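What follows is the content of coords05.txt (compact mmCIF, C-alpha atoms).
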# COMPACT_ATOMS: atom_id res chain seq x y z
CA MET A 1 -54.92 -9.80 2.98
CA PRO A 2 -53.73 -12.22 0.27
CA ASP A 3 -51.85 -15.44 0.90
CA TYR A 4 -48.15 -15.23 0.15
CA SER A 5 -46.06 -17.99 -1.37
CA ILE A 6 -42.58 -18.54 -2.81
CA VAL A 7 -42.29 -20.48 -6.05
CA ARG A 8 -39.03 -21.70 -7.56
CA LEU A 9 -38.61 -21.03 -11.27
CA GLY A 10 -35.25 -22.23 -12.57
CA ASN A 11 -32.55 -20.56 -10.46
CA GLU A 12 -34.86 -17.82 -9.20
CA TYR A 13 -37.62 -17.56 -6.62
CA ILE A 14 -40.86 -15.74 -7.27
CA VAL A 15 -42.80 -14.26 -4.35
CA GLN A 16 -46.52 -14.33 -5.06
CA ALA A 17 -49.42 -12.60 -3.33
CA GLY A 18 -52.42 -14.72 -4.20
CA GLU A 19 -52.10 -15.33 -7.94
CA LYS A 20 -49.98 -12.23 -8.65
CA SER A 21 -46.17 -12.37 -8.85
CA ILE A 22 -44.70 -9.44 -6.94
CA LEU A 23 -40.97 -10.14 -6.52
CA LYS A 24 -38.25 -12.14 -8.27
CA ILE A 25 -35.07 -12.90 -6.31
CA SER A 26 -32.17 -15.34 -6.60
CA SER A 27 -32.10 -16.51 -2.96
CA ARG A 28 -34.93 -18.26 -1.13
CA ARG A 29 -33.49 -17.11 2.18
CA LYS A 30 -33.62 -13.46 1.06
CA ALA A 31 -37.16 -13.92 -0.27
CA VAL A 32 -38.34 -15.25 3.10
CA LYS A 33 -36.57 -12.42 4.94
CA LEU A 34 -38.12 -9.76 2.69
CA MET A 35 -41.59 -11.28 3.03
CA THR A 36 -41.26 -11.32 6.82
CA LEU A 37 -40.05 -7.70 6.87
CA ALA A 38 -42.89 -6.58 4.61
CA ALA A 39 -45.48 -8.36 6.75
CA ASP A 40 -44.08 -6.70 9.90
CA LEU A 41 -44.21 -3.27 8.27
CA LEU A 42 -47.81 -3.83 7.17
CA ASP A 43 -48.75 -4.89 10.71
CA GLN A 44 -47.12 -1.75 12.12
CA GLU A 45 -48.95 0.45 9.62
CA MET A 46 -52.31 -1.16 10.39
CA THR A 47 -51.71 -0.75 14.14
CA GLN A 48 -50.74 2.88 13.66
CA GLN A 49 -53.85 3.59 11.58
CA ALA A 50 -56.05 1.95 14.18
CA GLU A 51 -54.54 4.12 16.93
CA GLU A 52 -54.91 7.32 14.87
CA SER A 53 -58.48 6.73 13.76
CA PRO A 54 -61.07 8.79 15.62
CA SER A 55 -63.21 7.03 18.14
CA ILE A 56 -66.98 7.15 17.95
CA SER A 57 -68.32 9.27 20.76
CA ARG A 58 -71.28 11.51 21.40
CA ASP A 59 -70.88 15.20 20.62
CA ALA A 60 -72.00 17.11 23.72
CA THR A 61 -72.73 20.24 21.68
CA VAL A 62 -75.54 18.54 19.72
CA GLY A 63 -78.81 17.16 21.00
CA PRO A 64 -81.45 17.87 23.64
CA ASP A 65 -78.90 18.22 26.48
CA ALA A 66 -76.70 20.70 24.59
CA PRO A 67 -76.21 24.17 26.04
CA GLU A 68 -78.15 26.94 24.31
CA LEU A 69 -76.27 29.27 22.05
CA PRO A 70 -76.46 33.02 22.82
Let's see the structure in the file written out as structure tokens.
Amino acid sequence: MPDYSIVRLGNEYIVQAGEKSILKISSRRKAVKLMTLAADLLDQEMTQQAEESPSISRDATVGPDAPELP
């Protein structure tokens, strides 16, 4: 995940992810709020994906202990 920063340019604030500018806004307070909201949403998405991903477990229908097929 890239590092985020807020850079002032004249009367505007630029939100940067690493070296890439991703958002231009007129209020630093709004920029911070939006960055925090976006980070929370990304955390929720990553947590959801981790919960939905299949676990690694042994398949009982394959291998030497598997029941024979008719």
Within 10 Å of A:Ser21 using only C-alpha atoms, minus same-chain residues under 6 positions, as a compact mmCIF listing (two decimals) with C-alpha atoms, in the coordinates of the input:
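Result written to out.txt:
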# COMPACT_ATOMS: atom_id res chain seq x y z
CA TYR A 4 -48.15 -15.23 0.15
CA SER A 5 -46.06 -17.99 -1.37
CA ILE A 6 -42.58 -18.54 -2.81
CA VAL A 7 -42.29 -20.48 -6.05
CA ILE A 14 -40.86 -15.74 -7.27
CA VAL A 15 -42.80 -14.26 -4.35
_Interatomic distance (Å, one decimal) between atom CA of A:Thr36 and atom CA of A:Leu9_ =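 Straight-line distance from atom CA of A:Thr36 to atom CA of A:Leu9 works out to 20.7 Å.
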*asked:* What does the structure give for the distance between atom CA of A:Asn11 and atom CA of A:Ser26, in Å to one decimal?
replied: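 A separation of 6.5 Å between them.
Using only C-alpha atoms, the shortest contact distance between A:Glu19 and any of A:Glu45, A:Glu52, A:Asp3, A:Met35 is found at A:Asp3.
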*What is the atom CA of A:Lys24-atom CA of A:Glu12 distance in Å, reported with one decimal?*
6.7 Å
